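A.B. asks: First, the structure itself, so that you have it in front of you.
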Amino acid sequence: MGKIWLVGAGPGDPDLITVKGLKAIQQADVILYDRLISMELLDHAKEGTELIFCGKLPDRHFVQQENINEILVEHAKEGKQVVRLKGGDPFVFGRGGEEAAYAVQHGIDFEVVPGITSGIAAPAYAGIPVTHRDHGASFAIVTGHRKEGADEEMKWASLAKGIDTIAIYMGVKNLPYIQEQLLKHGKPPETPAALIHWGTTAKQQTVTGTLTDIYDVAQKEGITNPSMIIVGEVVKMRDTLQWFEEQKAAGIEP
């Protein structure tokens, strides 16, 4: 019997994968990989490794999750070392929990290799610390795919009133709704906000504004997915701490 490795590829910069994650790639017989991983990581696979693309666009899944689960188990039952290579961390909006549960259900050994998640790494590369003694003692990561309803009203109220820094994944399309809910539930209109497009990669672009105008700023600058949304006073630190884009503009390799 083989084994399934749920590996976090990190936020985009290939150098940010963990040593353990890289070792898993090197020993894999099969790798199922996502759209947002760095393709450079696949260069570390051994000769003959089967590479299977399982990417997802916001409105299109190339391979359905149920099929991914089945493919993982099928190859493991053939005695292969199977790596599920995911952008960021497998258990942060990566459906790694579903895949792990499916492996258990079918008696397959699995291991989780955590990865650096974009909610921390993208703002770090933009010069925004998600916590800071003067600006933010609490930090939450949430999905931007939130829908209307009574339960959601309570969640937005908790986020608006109880959390200093909010990192929102997959939220560009729903940004007007996110703004509306945070403002409705008491987040001050002048709260700083940032969008970080393709964070930690050579294509990184960061725009800033306030909770009131950040959508207009994003529209004007043409910011689309994939982007992280950061809301909180910590965004103010970017003026002092931005380093990656300055180095990139100067032609300096980080």
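Order determines the names: the first chain of the structure tokens is A, the second B, and so forth; residues in each chain are numbered 1 upward, and ligands are numbered 1 upward as they are shown.
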Run DSSP on the backbone and give me the residues of stretch 53-251 of chain A it puts in strand (DSSP E or B), as a PyMOL selection string.
C.D. replies: chain A and resi 53+56-57+60-61+81-86+88+109-113+132+136+139-143+165-169+192-197+205-210+227-231
A.B. asks: For stretch 83-133 of chain A against stretch 195-206 of chain A, with a cut-off of 12 Å and counting only C-alpha atoms, what is the closest atom pair and its distance in Å to one decimal for every residue that makes the cut, ordered by chain and number, as a Markdown table?
C.D. replies:
| residue | atom | partner | partner_atom | distance |
| --- | --- | --- | --- | --- |
| A:Gly87 | CA | A:Trp198 | CA | 11.9 |
| A:Gly88 | CA | A:Gly199 | CA | 11.2 |
| A:Ile116 | CA | A:Thr200 | CA | 11.1 |
| A:Thr117 | CA | A:Gly199 | CA | 10.7 |
| A:Ser118 | CA | A:Gly199 | CA | 7.3 |
| A:Gly119 | CA | A:Gly199 | CA | 9.5 |
| A:Ile120 | CA | A:Gly199 | CA | 10.1 |
| A:Ala121 | CA | A:Thr200 | CA | 7.1 |
| A:Ala122 | CA | A:Gly199 | CA | 4.5 |
| A:Pro123 | CA | A:Ile196 | CA | 7.1 |
| A:Ala124 | CA | A:Thr200 | CA | 8.6 |
| A:Tyr125 | CA | A:Thr200 | CA | 5.8 |
| A:Ala126 | CA | A:Thr206 | CA | 6.7 |
| A:Gly127 | CA | A:Thr206 | CA | 9.9 |
| A:Ile128 | CA | A:Ile196 | CA | 10.3 |
A.B. asks: Save the residues we just selected, N, CA, C and O atoms, as a PDB file, in the first residue's frame?
C.D. replies:
ATOM      1  N   GLY A  87      -1.436  25.052  -3.349  1.00  0.00           N
ATOM      2  CA  GLY A  87      -0.972  26.392  -3.039  1.00  0.00           C
ATOM      3  C   GLY A  87      -1.236  26.710  -1.575  1.00  0.00           C
ATOM      4  O   GLY A  87      -2.246  26.312  -1.013  1.00  0.00           O
ATOM      5  N   GLY A  88      -0.284  27.415  -0.941  1.00  0.00           N
ATOM      6  CA  GLY A  88      -0.465  27.783   0.461  1.00  0.00           C
ATOM      7  C   GLY A  88      -0.347  26.596   1.384  1.00  0.00           C
ATOM      8  O   GLY A  88       0.606  25.826   1.314  1.00  0.00           O
ATOM      9  N   ILE A 116       3.267  27.608   3.970  1.00  0.00           N
ATOM     10  CA  ILE A 116       3.062  29.006   4.339  1.00  0.00           C
ATOM     11  C   ILE A 116       1.832  29.517   3.599  1.00  0.00           C
ATOM     12  O   ILE A 116       1.763  29.444   2.376  1.00  0.00           O
ATOM     13  N   THR A 117       0.873  30.028   4.350  1.00  0.00           N
ATOM     14  CA  THR A 117      -0.374  30.459   3.727  1.00  0.00           C
ATOM     15  C   THR A 117      -0.295  31.907   3.247  1.00  0.00           C
ATOM     16  O   THR A 117       0.399  32.745   3.845  1.00  0.00           O
ATOM     17  N   SER A 118      -1.037  32.204   2.188  1.00  0.00           N
ATOM     18  CA  SER A 118      -0.972  33.527   1.564  1.00  0.00           C
ATOM     19  C   SER A 118      -1.472  34.644   2.469  1.00  0.00           C
ATOM     20  O   SER A 118      -1.063  35.799   2.311  1.00  0.00           O
ATOM     21  N   GLY A 119      -2.355  34.316   3.417  1.00  0.00           N
ATOM     22  CA  GLY A 119      -2.889  35.335   4.303  1.00  0.00           C
ATOM     23  C   GLY A 119      -1.842  35.959   5.199  1.00  0.00           C
ATOM     24  O   GLY A 119      -2.033  37.060   5.736  1.00  0.00           O
ATOM     25  N   ILE A 120      -0.723  35.270   5.376  1.00  0.00           N
ATOM     26  CA  ILE A 120       0.399  35.805   6.151  1.00  0.00           C
ATOM     27  C   ILE A 120       1.532  36.242   5.219  1.00  0.00           C
ATOM     28  O   ILE A 120       2.113  37.309   5.384  1.00  0.00           O
ATOM     29  N   ALA A 121       1.824  35.411   4.212  1.00  0.00           N
ATOM     30  CA  ALA A 121       2.979  35.665   3.354  1.00  0.00           C
ATOM     31  C   ALA A 121       2.781  36.849   2.417  1.00  0.00           C
ATOM     32  O   ALA A 121       3.694  37.667   2.244  1.00  0.00           O
ATOM     33  N   ALA A 122       1.612  36.963   1.781  1.00  0.00           N
ATOM     34  CA  ALA A 122       1.391  38.066   0.836  1.00  0.00           C
ATOM     35  C   ALA A 122       1.506  39.423   1.523  1.00  0.00           C
ATOM     36  O   ALA A 122       2.222  40.305   1.028  1.00  0.00           O
ATOM     37  N   PRO A 123       0.831  39.630   2.660  1.00  0.00           N
ATOM     38  CA  PRO A 123       1.024  40.916   3.328  1.00  0.00           C
ATOM     39  C   PRO A 123       2.469  41.132   3.806  1.00  0.00           C
ATOM     40  O   PRO A 123       2.964  42.261   3.773  1.00  0.00           O
ATOM     41  N   ALA A 124       3.150  40.065   4.221  1.00  0.00           N
ATOM     42  CA  ALA A 124       4.545  40.219   4.639  1.00  0.00           C
ATOM     43  C   ALA A 124       5.393  40.745   3.490  1.00  0.00           C
ATOM     44  O   ALA A 124       6.236  41.632   3.676  1.00  0.00           O
ATOM     45  N   TYR A 125       5.181  40.216   2.284  1.00  0.00           N
ATOM     46  CA  TYR A 125       5.921  40.682   1.113  1.00  0.00           C
ATOM     47  C   TYR A 125       5.486  42.084   0.687  1.00  0.00           C
ATOM     48  O   TYR A 125       6.205  42.763  -0.051  1.00  0.00           O
ATOM     49  N   ALA A 126       4.313  42.510   1.124  1.00  0.00           N
ATOM     50  CA  ALA A 126       3.832  43.863   0.827  1.00  0.00           C
ATOM     51  C   ALA A 126       4.202  44.854   1.922  1.00  0.00           C
ATOM     52  O   ALA A 126       3.828  46.026   1.863  1.00  0.00           O
ATOM     53  N   GLY A 127       4.924  44.391   2.948  1.00  0.00           N
ATOM     54  CA  GLY A 127       5.321  45.268   4.038  1.00  0.00           C
ATOM     55  C   GLY A 127       4.232  45.479   5.069  1.00  0.00           C
ATOM     56  O   GLY A 127       4.202  46.503   5.750  1.00  0.00           O
ATOM     57  N   ILE A 128       3.332  44.489   5.192  1.00  0.00           N
ATOM     58  CA  ILE A 128       2.214  44.596   6.133  1.00  0.00           C
ATOM     59  C   ILE A 128       2.284  43.434   7.120  1.00  0.00           C
ATOM     60  O   ILE A 128       1.978  42.290   6.757  1.00  0.00           O
TER      61      ILE A 128
END
A.B. asks: Would you pick out the contacts of A:Ile214 at 12 Å or less, using only C-alpha atoms, so that residues sharing its chain but fewer than 2 positions from it are not included, and give the list as a VMD selection string?
C.D. replies: chain A and resid 172 175 to 176 178 to 180 189 to 196 206 to 212 216 to 223 229 to 231
A.B. asks: If we count only C-alpha atoms, what is near stretch 33-37 of chain A at a cut-off of 7 Å, once residues fewer than 5 positions away on the same chain are taken out, given as a list in words?
C.D. replies: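 The filter keeps Ala9, Gly12, Ile52, Phe53, Cys54, Gly55, Lys56, Arg84, Leu85, Lys86 and Gly87 of chain A.
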A.B. asks: Save the residues we just selected, N, CA and C atoms, as a compact mmCIF listing (two decimals), in the first residue's frame?
C.D. replies:
# COMPACT_ATOMS: atom_id res chain seq x y z
N ALA A 9 2.43 24.00 -0.91
CA ALA A 9 3.48 24.51 -1.78
C ALA A 9 3.89 25.93 -1.42
N GLY A 12 3.52 31.09 -3.51
CA GLY A 12 3.86 31.44 -4.89
C GLY A 12 5.34 31.47 -5.15
N ILE A 52 -0.33 15.33 -12.61
CA ILE A 52 -1.76 15.47 -12.92
C ILE A 52 -2.23 16.85 -12.49
N PHE A 53 -2.71 17.65 -13.45
CA PHE A 53 -3.18 19.00 -13.14
C PHE A 53 -4.60 18.95 -12.59
N CYS A 54 -4.79 19.58 -11.43
CA CYS A 54 -6.12 19.59 -10.78
C CYS A 54 -6.55 21.01 -10.44
N GLY A 55 -6.15 21.96 -11.28
CA GLY A 55 -6.37 23.36 -10.96
C GLY A 55 -7.83 23.77 -10.95
N LYS A 56 -8.07 24.91 -10.29
CA LYS A 56 -9.41 25.48 -10.22
C LYS A 56 -9.34 26.96 -10.54
N ARG A 84 -0.22 15.37 -3.08
CA ARG A 84 -1.24 16.36 -3.46
C ARG A 84 -0.63 17.73 -3.14
N LEU A 85 -0.20 18.43 -4.19
CA LEU A 85 0.55 19.67 -4.03
C LEU A 85 -0.39 20.86 -4.18
N LYS A 86 -0.55 21.60 -3.07
CA LYS A 86 -1.54 22.66 -3.02
C LYS A 86 -0.88 24.00 -2.77
N GLY A 87 -1.44 25.05 -3.35
CA GLY A 87 -0.97 26.39 -3.04
C GLY A 87 -1.24 26.71 -1.57
A.B. asks: Under the rule that only C-alpha atoms are counted, which of A:Lys184, A:His145, A:His135, A:Lys80 is the nearest residue to A:Ala157?
C.D. replies: A:Lys184
A.B. asks: Please list as a PyMOL selection string every residue within 10 Å of A:Leu22, counting only C-alpha atoms and excluding residues in the same chain fewer than 3 positions away.
C.D. replies: chain A and resi 7-9+14-15+17-19+25-27+41-42+44-45+113
A.B. asks: To one decimal place, how far is atom CA of A:Met170 from atom CA of A:Pro11 in Å?
C.D. replies: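 Between atom CA of A:Met170 and atom CA of A:Pro11 the gap is 13.5 Å.
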A.B. asks: What's the separation between atom CA of A:Pro254 and atom CA of A:Lys20, in Å to one decimal place?
C.D. replies: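 Between these atoms lies a distance of 22.2 Å.
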A.B. asks: Between A:Met1, A:Ala24, A:Met228, A:Val112, which residue has the minimum interatomic distance to A:His75, considering only C-alpha atoms?
C.D. replies: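 Residue with the minimum atom-to-atom distance to A:His75: A:Met1.
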A.B. asks: Mind giving me the straight-line distance from atom CA of A:Ile71 to atom CA of A:Asn225 in Å, one decimal?
C.D. replies: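 Atom-to-atom, atom CA of A:Ile71 to atom CA of A:Asn225, that is 27.8 Å.
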A.B. asks: Which one of A:Gln81, A:Ser227, A:Thr165, A:Asn174 sits closest to A:Pro129 if you count only C-alpha atoms?
C.D. replies: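 Checking each candidate against A:Pro129, we get A:Thr165 as the closest.
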A.B. asks: Stretch 73-242 of chain A: which residues are helix (DSSP H, G or I) by DSSP, as number ranges by chain?
C.D. replies: A: 73-77, 96-105, 118-125, 150-162, 175-184, 214-221, 233-241
A.B. asks: So, counting only C-alpha atoms, which residue among A:Tyr102, A:Trp5, A:Phe93, A:Phe110 is closest to A:Ile168?
C.D. replies: A:Phe93
